[in-house]
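Student: Below is the file my_file.tsv, which contains TSV, C-alpha atoms.
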chain	number	residue	atom	x	y	z
I	1	MET	CA	27.84	-27.11	0.27
I	2	ALA	CA	25.38	-25.44	2.68
I	3	GLY	CA	28.20	-23.71	4.55
I	4	ASN	CA	29.71	-22.55	1.26
I	5	ILE	CA	26.53	-20.83	0.24
I	6	LEU	CA	26.30	-18.95	3.54
I	7	ASP	CA	29.84	-17.73	2.84
I	8	ASP	CA	28.51	-16.15	-0.36
I	9	VAL	CA	25.99	-14.03	1.55
I	10	SER	CA	27.35	-10.58	2.35
I	11	SER	CA	24.28	-8.91	3.90
I	12	VAL	CA	20.63	-9.51	4.74
I	13	MET	CA	17.85	-6.97	4.74
I	14	SER	CA	14.18	-7.22	5.52
I	15	ILE	CA	11.87	-4.72	3.85
I	16	GLY	CA	8.52	-4.19	5.49
I	17	PHE	CA	5.45	-2.45	4.16
I	18	ASP	CA	4.06	0.30	6.34
I	19	MET	CA	0.45	1.08	5.43
I	20	ILE	CA	1.09	4.83	5.69
I	21	ALA	CA	4.72	5.23	4.64
I	22	GLY	CA	5.01	2.35	2.12
I	23	PRO	CA	8.07	0.10	1.79
I	24	ILE	CA	10.59	0.64	4.60
I	25	LEU	CA	13.90	-0.93	5.54
I	26	ARG	CA	12.92	-2.84	8.66
I	27	TRP	CA	16.12	-4.69	9.48
I	28	LYS	CA	19.61	-5.09	8.05
I	29	LYS	CA	22.63	-7.13	9.00
I	30	ASP	CA	26.08	-7.43	7.41
I	31	VAL	CA	26.94	-11.12	7.49
I	32	ASP	CA	30.38	-10.42	6.04
I	33	THR	CA	31.51	-7.33	7.91
I	34	ILE	CA	34.43	-6.74	5.54
I	35	ASN	CA	33.12	-7.60	2.07
I	36	HIS	CA	29.61	-6.20	2.19
I	37	VAL	CA	28.05	-3.82	-0.31
I	38	GLU	CA	28.24	-0.12	0.58
I	39	LEU	CA	25.08	1.62	-0.55
I	40	ASP	CA	22.13	3.65	0.67
I	41	TYR	CA	20.02	0.74	1.91
I	42	ASP	CA	17.02	2.92	2.81
I	43	HIS	CA	16.80	4.19	-0.76
I	44	PHE	CA	17.66	0.80	-2.23
I	45	ALA	CA	14.88	-0.84	-0.19
I	46	LEU	CA	12.07	0.95	-2.03
I	47	ALA	CA	13.38	0.10	-5.51
I	48	THR	CA	14.09	-3.49	-4.49
I	49	TYR	CA	10.67	-3.97	-2.94
I	50	LEU	CA	8.93	-2.70	-6.07
I	51	ALA	CA	11.15	-4.79	-8.34
I	52	PHE	CA	10.18	-7.98	-6.51
I	53	LYS	CA	6.58	-7.16	-5.65
I	54	GLY	CA	5.47	-4.28	-7.91
I	55	GLY	CA	1.89	-3.88	-9.08
I	56	ASN	CA	-1.26	-5.89	-8.54
I	57	ALA	CA	-1.57	-7.27	-12.04
I	58	GLY	CA	0.03	-10.65	-11.31
I	59	GLY	CA	2.37	-12.29	-13.78
I	60	PRO	CA	5.96	-13.40	-13.32
I	61	VAL	CA	8.10	-11.89	-10.58
I	62	PRO	CA	11.88	-12.13	-10.33
I	63	LYS	CA	13.64	-14.47	-7.92
I	64	ALA	CA	16.91	-12.56	-8.14
I	65	ILE	CA	18.40	-9.39	-9.59
I	66	VAL	CA	21.99	-9.38	-10.79
I	67	TYR	CA	24.02	-6.16	-10.46
I	68	ASP	CA	27.61	-5.55	-11.55
I	69	ALA	CA	29.20	-6.21	-8.18
I	70	PHE	CA	26.57	-8.28	-6.37
I	71	SER	CA	23.22	-10.07	-6.67
I	72	VAL	CA	20.08	-9.80	-4.60
I	73	VAL	CA	17.68	-12.67	-4.06
I	74	GLY	CA	14.30	-11.90	-2.50
I	75	PHE	CA	11.77	-14.05	-0.65
I	76	GLU	CA	8.27	-12.94	0.28
I	77	LYS	CA	7.10	-13.24	3.85
I	78	GLY	CA	3.55	-11.95	3.84
I	79	MET	CA	3.81	-8.26	3.00
I	80	ASP	CA	7.52	-8.28	3.88
I	81	LEU	CA	10.42	-9.12	1.62
I	82	VAL	CA	13.57	-10.78	2.97
I	83	CYS	CA	16.59	-10.15	0.73
I	84	LEU	CA	20.03	-11.74	0.69
I	85	PHE	CA	22.93	-9.86	-0.90
I	86	LEU	CA	25.21	-12.33	-2.66
I	87	LYS	CA	28.83	-11.81	-3.60
I	88	ASN	CA	28.48	-13.81	-6.82
I	89	THR	CA	25.85	-15.54	-8.96
I	90	LYS	CA	27.05	-19.09	-8.20
I	91	ALA	CA	24.92	-19.24	-5.07
I	92	LEU	CA	21.79	-18.62	-7.17
I	93	GLU	CA	22.01	-22.23	-8.32
I	94	ASP	CA	20.61	-23.36	-4.97
I	95	ILE	CA	17.59	-21.13	-4.40
I	96	SER	CA	16.00	-23.53	-1.91
I	97	ARG	CA	19.07	-23.36	0.35
I	98	LEU	CA	19.06	-19.56	0.04
I	99	LYS	CA	15.42	-19.61	1.09
I	100	GLU	CA	16.34	-21.62	4.20
I	101	ILE	CA	19.03	-19.08	5.03
I	102	ALA	CA	16.60	-16.18	4.51
I	103	THR	CA	14.01	-17.90	6.74
I	104	SER	CA	16.60	-18.37	9.44
I	105	PHE	CA	17.60	-14.68	9.38
I	106	SER	CA	13.93	-13.72	9.34
I	107	ALA	CA	13.34	-15.73	12.52
I	108	GLN	CA	16.33	-13.99	14.10
I	109	MET	CA	14.85	-10.61	13.15
I	110	ASP	CA	11.45	-11.53	14.62
I	111	LYS	CA	13.15	-12.58	17.85
I	112	GLU	CA	15.07	-9.30	18.10
I	113	ASP	CA	11.85	-7.45	17.29
I	114	GLY	CA	10.13	-9.10	20.27
I	115	ALA	CA	6.89	-9.84	18.42
I	116	ASP	CA	4.68	-10.89	21.31
I	117	ASP	CA	0.95	-10.41	21.64
I	118	GLN	CA	0.37	-9.99	25.32
I	119	GLU	CA	-2.43	-7.61	26.16
I	120	PRO	CA	-0.96	-4.94	28.48
I	121	SER	CA	-2.76	-4.09	31.67
I	122	THR	CA	-2.76	-0.38	30.84
I	123	VAL	CA	-2.75	1.31	27.46
I	124	ASN	CA	-1.90	4.84	26.38
I	125	THR	CA	-4.91	6.29	24.61
I	126	ALA	CA	-3.30	9.56	23.45
I	127	GLU	CA	-4.37	10.36	19.91
I	128	ASP	CA	-2.79	12.51	17.20
I	129	ASP	CA	-3.36	12.77	13.44
I	130	GLY	CA	-1.09	9.77	12.82
I	131	VAL	CA	-3.15	7.60	15.14
I	132	LYS	CA	-6.39	8.80	13.52
I	133	GLU	CA	-5.01	7.80	10.12
I	134	ILE	CA	-3.93	4.38	11.43
I	135	LYS	CA	-7.40	3.82	12.88
I	136	ARG	CA	-9.03	4.79	9.59
I	137	ILE	CA	-6.87	2.36	7.62
I	138	ILE	CA	-7.33	-0.47	10.14
I	139	CYS	CA	-11.11	-0.18	9.83
I	140	ASN	CA	-10.77	-0.42	6.05
I	141	MET	CA	-8.40	-3.39	6.32
I	142	LEU	CA	-10.75	-5.29	8.63
I	143	ARG	CA	-13.70	-4.96	6.32
I	144	GLN	CA	-14.63	-8.54	5.28
I	145	ASN	CA	-11.35	-9.66	6.84
I	146	THR	CA	-9.81	-10.78	10.12
I	147	LEU	CA	-6.25	-9.96	11.21
I	148	PRO	CA	-4.20	-10.87	14.31
I	149	THR	CA	-2.74	-8.09	16.47
I	150	PRO	CA	0.92	-8.80	15.51
I	151	GLU	CA	0.11	-8.47	11.82
I	152	ILE	CA	-1.73	-5.20	12.37
I	153	ARG	CA	1.24	-4.04	14.41
I	154	SER	CA	3.72	-4.93	11.67
I	155	HIS	CA	1.73	-2.95	9.10
I	156	PHE	CA	2.21	0.31	11.00
I	157	LYS	CA	5.64	0.34	12.69
I	158	LEU	CA	3.85	0.07	16.06
I	159	THR	CA	5.11	-1.32	19.33
I	160	SER	CA	2.99	-4.00	20.97
I	161	SER	CA	1.54	-1.55	23.50
I	162	GLU	CA	0.78	1.05	20.81
I	163	ALA	CA	-1.03	-1.58	18.73
I	164	TRP	CA	-3.05	-2.64	21.75
I	165	ALA	CA	-3.88	0.98	22.61
I	166	ILE	CA	-5.27	1.54	19.14
I	167	MET	CA	-7.20	-1.73	18.95
I	168	SER	CA	-8.62	-1.22	22.44
I	169	ALA	CA	-9.76	2.30	21.52
I	170	LEU	CA	-11.40	1.03	18.33
I	171	GLU	CA	-13.05	-1.76	20.29
I	172	HIS	CA	-14.26	0.75	22.90
I	173	ASP	CA	-15.76	2.89	20.13
I	174	GLY	CA	-17.61	-0.17	18.79
I	175	LEU	CA	-15.76	-0.09	15.47
I	176	VAL	CA	-13.92	-3.44	15.76
I	177	LYS	CA	-14.48	-6.63	17.71
I	178	ARG	CA	-12.51	-9.75	18.63
I	179	SER	CA	-13.43	-12.66	16.39
I	180	GLY	CA	-11.31	-15.40	18.01
I	181	LYS	CA	-7.69	-16.34	18.50
I	182	ASP	CA	-4.91	-17.51	16.23
I	183	GLY	CA	-2.54	-19.27	18.60
I	184	ARG	CA	-1.80	-16.66	21.27
I	185	SER	CA	-2.84	-13.76	19.07
I	186	VAL	CA	-6.22	-12.06	19.18
I	187	LEU	CA	-8.02	-11.90	15.83
I	188	TRP	CA	-9.86	-8.68	14.99
I	189	THR	CA	-12.63	-7.89	12.56
I	190	LEU	CA	-15.00	-5.00	11.85
I	191	ALA	CA	-17.83	-4.74	14.40
P	1	MET	CA	-8.00	5.82	-31.66
P	2	ASN	CA	-8.38	8.69	-29.17
P	3	THR	CA	-6.71	7.79	-25.88
P	4	SER	CA	-7.19	9.81	-22.71
P	5	LYS	CA	-5.20	9.62	-19.52
P	6	CYS	CA	-6.84	9.28	-16.12
P	7	ALA	CA	-4.94	9.35	-12.82
P	8	ILE	CA	-6.55	7.82	-9.74
P	9	LEU	CA	-5.18	9.32	-6.51
P	10	GLY	CA	-6.06	9.11	-2.84
P	11	SER	CA	-4.95	8.07	0.64
P	12	PRO	CA	-4.23	4.42	1.45
P	13	ALA	CA	-7.22	2.06	1.62
P	14	VAL	CA	-9.84	4.40	0.17
P	15	GLY	CA	-10.69	2.08	-2.74
P	16	LYS	CA	-8.65	3.32	-5.72
P	17	THR	CA	-7.83	-0.15	-7.01
P	18	THR	CA	-11.39	-1.33	-6.41
P	19	LEU	CA	-12.61	1.62	-8.46
P	20	LEU	CA	-10.31	0.68	-11.33
P	21	ARG	CA	-11.39	-2.96	-11.11
P	22	LEU	CA	-15.03	-1.81	-11.15
P	23	LEU	CA	-14.38	0.17	-14.35
P	24	GLU	CA	-12.60	-2.79	-15.91
P	25	GLY	CA	-15.40	-5.18	-14.92
P	26	LYS	CA	-13.00	-7.33	-12.91
P	27	ASP	CA	-13.83	-9.36	-9.78
P	28	ILE	CA	-13.89	-7.36	-6.55
P	29	THR	CA	-12.98	-9.13	-3.33
P	30	GLY	CA	-13.45	-6.26	-0.87
P	31	GLN	CA	-10.14	-7.16	0.80
P	32	TYR	CA	-7.45	-4.52	1.09
P	33	ILE	CA	-4.24	-5.38	-0.74
P	34	PRO	CA	-2.05	-2.26	-1.03
P	35	THR	CA	-0.93	-1.32	-4.54
P	36	GLN	CA	2.84	-1.54	-4.88
P	37	GLY	CA	3.89	1.54	-6.86
P	38	PHE	CA	1.17	1.76	-9.48
P	39	ASP	CA	-0.97	-0.23	-11.86
P	40	ARG	CA	-2.60	0.66	-15.12
P	41	GLY	CA	-5.86	-0.38	-16.71
P	42	ALA	CA	-7.40	0.43	-20.09
P	43	ILE	CA	-11.08	1.30	-20.33
P	44	LYS	CA	-12.83	1.31	-23.69
P	45	MET	CA	-14.80	4.56	-23.98
P	46	GLY	CA	-16.89	3.95	-27.08
P	47	ARG	CA	-15.94	2.94	-30.61
P	48	ASN	CA	-12.74	4.88	-31.18
P	49	ALA	CA	-11.75	6.03	-27.75
P	50	SER	CA	-10.18	4.59	-24.65
P	51	ALA	CA	-8.93	5.82	-21.30
P	52	VAL	CA	-5.74	4.58	-19.70
P	53	CYS	CA	-6.23	4.74	-15.94
P	54	TRP	CA	-3.20	4.94	-13.66
P	55	ASP	CA	-3.91	3.63	-10.18
P	56	PHE	CA	-1.27	4.90	-7.76
P	57	GLY	CA	-0.38	3.35	-4.41
P	58	GLY	CA	-1.48	5.75	-1.65
P	59	GLN	CA	1.54	5.36	0.66
P	60	GLN	CA	3.93	8.31	1.13
P	61	ALA	CA	6.87	6.48	-0.45
P	62	PHE	CA	5.00	6.51	-3.76
P	63	TYR	CA	4.42	10.27	-3.93
P	64	ASP	CA	7.49	10.61	-6.13
P	65	PHE	CA	5.78	8.33	-8.66
P	66	TRP	CA	2.69	10.50	-8.55
P	67	LYS	CA	4.79	13.56	-9.36
P	68	GLN	CA	6.32	11.87	-12.37
P	69	TYR	CA	3.34	10.05	-13.76
P	70	ILE	CA	0.25	12.24	-13.26
P	71	LEU	CA	1.60	14.85	-15.67
P	72	GLY	CA	-0.39	14.91	-18.89
P	73	SER	CA	-3.56	13.60	-17.24
P	74	ASP	CA	-6.87	14.63	-18.82
P	75	VAL	CA	-8.77	13.83	-15.67
P	76	ILE	CA	-7.62	13.27	-12.10
P	77	VAL	CA	-9.98	11.15	-10.04
P	78	VAL	CA	-9.35	11.75	-6.34
P	79	VAL	CA	-10.88	9.06	-4.15
P	80	THR	CA	-11.91	9.48	-0.52
P	81	ASP	CA	-13.48	6.93	1.81
P	82	SER	CA	-15.97	9.65	2.88
P	83	THR	CA	-14.81	9.69	6.51
P	84	PRO	CA	-14.35	13.23	7.91
P	85	VAL	CA	-10.67	12.52	8.67
P	86	ASN	CA	-9.95	11.38	5.15
P	87	VAL	CA	-11.96	14.08	3.40
P	88	LEU	CA	-9.80	16.72	5.11
P	89	GLN	CA	-6.64	14.86	4.06
P	90	THR	CA	-7.99	14.66	0.54
P	91	LYS	CA	-8.47	18.43	0.42
P	92	GLN	CA	-4.71	18.86	0.89
P	93	LEU	CA	-4.05	16.23	-1.74
P	94	ILE	CA	-6.22	18.07	-4.27
P	95	GLU	CA	-4.36	21.34	-3.68
P	96	TRP	CA	-1.09	19.50	-4.27
P	97	ALA	CA	-2.38	17.84	-7.45
P	98	LYS	CA	-3.67	21.19	-8.75
P	99	ARG	CA	-0.28	22.83	-8.29
P	100	LEU	CA	1.46	19.92	-9.94
P	101	THR	CA	-0.77	19.80	-13.00
P	102	GLU	CA	-1.64	23.48	-13.54
P	103	ASP	CA	-0.06	23.41	-17.01
P	104	ASP	CA	-2.18	20.41	-18.01
P	105	ASP	CA	-5.52	22.00	-17.12
P	106	ALA	CA	-6.66	18.57	-15.96
P	107	ASN	CA	-10.25	18.14	-14.83
P	108	ILE	CA	-10.24	17.08	-11.17
P	109	ILE	CA	-13.19	15.23	-9.69
P	110	ALA	CA	-13.72	13.43	-6.38
P	111	ILE	CA	-15.30	10.08	-5.72
P	112	ALA	CA	-17.01	9.91	-2.31
P	113	ASN	CA	-16.49	6.17	-1.95
P	114	LYS	CA	-17.75	3.72	0.69
P	115	GLN	CA	-21.16	5.34	0.89
P	116	ASP	CA	-22.47	2.01	2.20
P	117	LEU	CA	-20.55	2.39	5.47
P	118	PRO	CA	-22.15	3.98	8.53
P	119	GLY	CA	-21.08	7.57	9.08
P	120	ALA	CA	-20.12	8.21	5.45
P	121	MET	CA	-20.26	11.94	4.63
P	122	ALA	CA	-22.88	12.88	2.04
P	123	PRO	CA	-21.39	13.66	-1.40
P	124	GLU	CA	-22.76	17.22	-1.28
P	125	ARG	CA	-20.87	17.81	1.96
P	126	VAL	CA	-17.72	16.19	0.53
P	127	SER	CA	-18.02	18.46	-2.51
P	128	ASP	CA	-18.40	21.54	-0.28
P	129	VAL	CA	-15.27	20.68	1.68
P	130	LEU	CA	-13.17	19.74	-1.34
P	131	GLY	CA	-14.37	22.50	-3.65
P	132	ILE	CA	-14.74	20.15	-6.62
P	133	PRO	CA	-17.58	17.90	-7.83
P	134	ALA	CA	-17.89	14.78	-5.67
P	135	TYR	CA	-19.80	11.73	-6.83
P	136	PRO	CA	-21.24	9.15	-4.41
P	137	MET	CA	-19.96	5.62	-4.95
P	138	THR	CA	-19.78	2.15	-3.46
P	139	ALA	CA	-17.05	0.66	-5.60
P	140	THR	CA	-17.40	-2.82	-4.10
P	141	ASP	CA	-20.84	-3.12	-5.73
P	142	PRO	CA	-20.47	-4.32	-9.35
P	143	ALA	CA	-23.90	-2.79	-10.09
P	144	ASN	CA	-22.14	0.61	-10.05
P	145	GLN	CA	-19.93	-0.13	-13.05
P	146	GLU	CA	-22.10	1.78	-15.54
P	147	LYS	CA	-22.50	4.68	-13.12
P	148	MET	CA	-18.72	4.98	-12.68
P	149	TYR	CA	-18.17	4.63	-16.41
P	150	GLN	CA	-20.56	7.55	-17.06
P	151	ILE	CA	-18.83	9.68	-14.41
P	152	LEU	CA	-15.48	9.11	-16.12
P	153	LYS	CA	-16.91	9.68	-19.58
P	154	ASN	CA	-18.58	12.95	-18.59
P	155	SER	CA	-15.42	14.16	-16.85
P	156	LEU	CA	-13.44	13.56	-20.01
P	157	LYS	CA	-16.06	15.40	-22.11
P	158	ARG	CA	-15.81	18.44	-19.87
P	159	LYS	CA	-12.11	18.84	-20.69
Please rewrite the model in this file as structure tokens.
Tutor:
Amino acid sequence: MAGNILDDVSSVMSIGFDMIAGPILRWKKDVDTINHVELDYDHFALATYLAFKGGNAGGPVPKAIVYDAFSVVGFEKGMDLVCLFLKNTKALEDISRLKEIATSFSAQMDKEDGADDQEPSTVNTAEDDGVKEIKRIICNMLRQNTLPTPEIRSHFKLTSSEAWAIMSALEHDGLVKRSGKDGRSVLWTLA
Amino acid sequence: MNTSKCAILGSPAVGKTTLLRLLEGKDITGQYIPTQGFDRGAIKMGRNASAVCWDFGGQQAFYDFWKQYILGSDVIVVVTDSTPVNVLQTKQLIEWAKRLTEDDDANIIAIANKQDLPGAMAPERVSDVLGIPAYPMTATDPANQEKMYQILKNSLKRK
């Protein structure tokens, strides 16, 4: 049964949320390289993200959206949304198994992304308008809140060294401070 | 019932949703949760009047929504977090909103939010830079609900 459901998955996409750009297609993989859906995934990502997560008002959110030729099931992972493209609606009968599959692909994506949190020995402190805007938003995000470096990094399409450069500069300016550790990751808060 | 339309615009994380929640008298957590697309809230403005406030997500991907949905606004509330970097960004945003809504003759005001934070620009200075009236605000403080309500009410009167 489990294998059958995986056969019904044609593609996987992970949609991230960049704090400056908004929803972005972060990762995509065609599981079935022959029978996958041909569409503009970048454009589709925004509409899909809003359909599954739109608004702040609460209330019911869909588990799946059925189109003429395929279905999409979406699972939240923090601010991200992991979507499976299904060839038919039969697979929707086992949402928990689909969630397992989505989790497995998500782990694969994280691995490929190389999400580590090792503090580099040197950091590039070059600053442009984009970096200034990221710093401004980070300070607002850390108000009455703590966040680990990898999560901050994922909110801004940053590499590990870029994230560290920005956090180190903010720390140097006395705007943020380290408030502890979450596993191997440094937790940050407003100074 | 006389219903007005209010659009709340601004960069990410400046406090647009908090401002709407303040007007609605809802709980304010102070934590930043980005608005996905947009939200709407209805504010009662006296016996036979109300204002529907559209709170737009500040991320670039949502600008297309702004274009479509701010048309017909009676008042556009542009929010800044009162940092020098953001006030300059907000100036560009106001020019863009003016061009987009020139047929509507919408009243545009600025909210100089986060006045409680160190280094916040004074509202007079924000107003000078932006070229529109700027009102000081700390939207996370529920005590400012009446003040914000009066700002909105007066802005609608001036139309």
Student: So, counting only C-alpha atoms, which residue among P:Leu93, P:Ala134, P:Leu88, P:Met45 is closest to chain I?
Tutor: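 With only C-alpha atoms as the atom set, the closest residue is P:Leu88.
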Student: Using only C-alpha atoms, select each residue of chain P with any atom at most 8 Å away from an atom of chain I, and give the selection as a PDB file with C-alpha atoms, in the frame of the given file.
Tutor:
ATOM      1  CA  PRO P  12      -4.230   4.420   1.450  1.00  0.00           C
ATOM      2  CA  ALA P  13      -7.220   2.060   1.620  1.00  0.00           C
ATOM      3  CA  VAL P  14      -9.840   4.400   0.170  1.00  0.00           C
ATOM      4  CA  GLY P  30     -13.450  -6.260  -0.870  1.00  0.00           C
ATOM      5  CA  GLN P  31     -10.140  -7.160   0.800  1.00  0.00           C
ATOM      6  CA  TYR P  32      -7.450  -4.520   1.090  1.00  0.00           C
ATOM      7  CA  PRO P  34      -2.050  -2.260  -1.030  1.00  0.00           C
ATOM      8  CA  THR P  35      -0.930  -1.320  -4.540  1.00  0.00           C
ATOM      9  CA  GLN P  36       2.840  -1.540  -4.880  1.00  0.00           C
ATOM     10  CA  GLY P  37       3.890   1.540  -6.860  1.00  0.00           C
ATOM     11  CA  PHE P  38       1.170   1.760  -9.480  1.00  0.00           C
ATOM     12  CA  ASP P  39      -0.970  -0.230 -11.860  1.00  0.00           C
ATOM     13  CA  GLY P  58      -1.480   5.750  -1.650  1.00  0.00           C
ATOM     14  CA  GLN P  59       1.540   5.360   0.660  1.00  0.00           C
ATOM     15  CA  GLN P  60       3.930   8.310   1.130  1.00  0.00           C
ATOM     16  CA  ALA P  61       6.870   6.480  -0.450  1.00  0.00           C
ATOM     17  CA  PHE P  62       5.000   6.510  -3.760  1.00  0.00           C
ATOM     18  CA  VAL P  85     -10.670  12.520   8.670  1.00  0.00           C
ATOM     19  CA  ASN P  86      -9.950  11.380   5.150  1.00  0.00           C
TER      20      ASN P  86
END
Student: Per residue of segment 92-146 of chain P within 12 Å of segment 16-19 of chain P, note the shortest atom pair and the distance in Å to one decimal, counting only C-alpha atoms, and order the rows by chain and increasing residue number, as a Markdown table.
Tutor:
| residue | atom | partner | partner_atom | distance |
| --- | --- | --- | --- | --- |
| P:Ala110 | CA | P:Lys16 | CA | 11.3 |
| P:Ile111 | CA | P:Leu19 | CA | 9.3 |
| P:Ala112 | CA | P:Lys16 | CA | 11.2 |
| P:Asn113 | CA | P:Leu19 | CA | 8.8 |
| P:Lys114 | CA | P:Leu19 | CA | 10.7 |
| P:Met137 | CA | P:Leu19 | CA | 9.1 |
| P:Thr138 | CA | P:Leu19 | CA | 8.8 |
| P:Ala139 | CA | P:Leu19 | CA | 5.4 |
| P:Thr140 | CA | P:Thr18 | CA | 6.6 |
| P:Asp141 | CA | P:Thr18 | CA | 9.6 |
| P:Pro142 | CA | P:Leu19 | CA | 9.9 |
| P:Asn144 | CA | P:Leu19 | CA | 9.7 |
| P:Gln145 | CA | P:Leu19 | CA | 8.8 |
| P:Glu146 | CA | P:Leu19 | CA | 11.8 |
Student: As AutoDock Vina command-line options, please report the centre and edge lengths, rounded to one decimal in Å, of the axis-aligned box that holds all listed atoms of segment 100-104 of chain P with 8 Å of padding on each of the six sides.
Tutor:
--center_x -0.4 --center_y 21.6 --center_z -14.0 --size_x 19.6 --size_y 19.7 --size_z 24.1
Student: What is the distance between atom CA of Asp55 of chain P and atom CA of Ile15 of chain I, in Å to one decimal?
Tutor: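 Computed distance, atom CA of Asp55 of chain P to atom CA of Ile15 of chain I, equals 22.7 Å.
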Student: Could you check which residues have any atom within 12 Å of (24.7, -6.4, -9.2), counting all atoms listed in the file with coordinates taken straight from the file, and then list them as a PyMOL selection string?
Tutor: chain I and resi 37+39+48+64-73+85-89
Student: Using only C-alpha atoms, which of I:Lys111, I:Lys63, I:Leu190, I:Glu162 sits nearest Glu93 of chain I?
Tutor: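 Ranked by minimum distance to Glu93 of chain I, first place goes to I:Lys63.
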Student: How far is it from atom CA of Lys5 of chain P to atom CA of Thr90 of chain P, in Å with one decimal?
Tutor: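 Spanning atom CA of Lys5 of chain P to atom CA of Thr90 of chain P is a straight-line distance of 20.9 Å.
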Student: To one decimal place in Å, what is the distance between atom CA of Val79 of chain P and atom CA of Leu9 of chain P?
Tutor: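 Spanning atom CA of Val79 of chain P to atom CA of Leu9 of chain P is a straight-line distance of 6.2 Å.
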Student: Please provide as an MDAnalysis selection string all residues within 9 Å of segment 29-35 of chain I, with the sequence filter that same-chain residues fewer than 5 positions apart are discarded (counting all atoms listed in the file).
Tutor: chainID I and resid 6:13 87
Student: Could you check which of I:Ile5, I:Leu25, I:Ala191, I:Met109 is closest to Tyr41 of chain I, using only C-alpha atoms?
Tutor: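 Between I:Ile5, I:Leu25, I:Ala191, I:Met109, the residue approaching Tyr41 of chain I most closely is I:Leu25.
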Student: Closest to Arg184 of chain I among I:Gly74, I:Lys157, I:Thr149, I:Ile166, using all atoms listed in the file?
Tutor: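 Closest residue, counting all atoms listed in the file: I:Thr149.
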Student: Restricting the calculation to all atoms listed in the file, which member of P:Gln92, P:Thr80, P:Thr101, P:Asn48 is positioned closest to Gln68 of chain P?
Tutor: P:Thr101
Student: When you count all atoms listed in the file, which of these residues is closest to Ser127 of chain P: P:Lys153, P:Arg47, P:Arg40, P:Lys91?
Tutor: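 Using all atoms listed in the file, Ser127 of chain P sits closest to P:Lys91.
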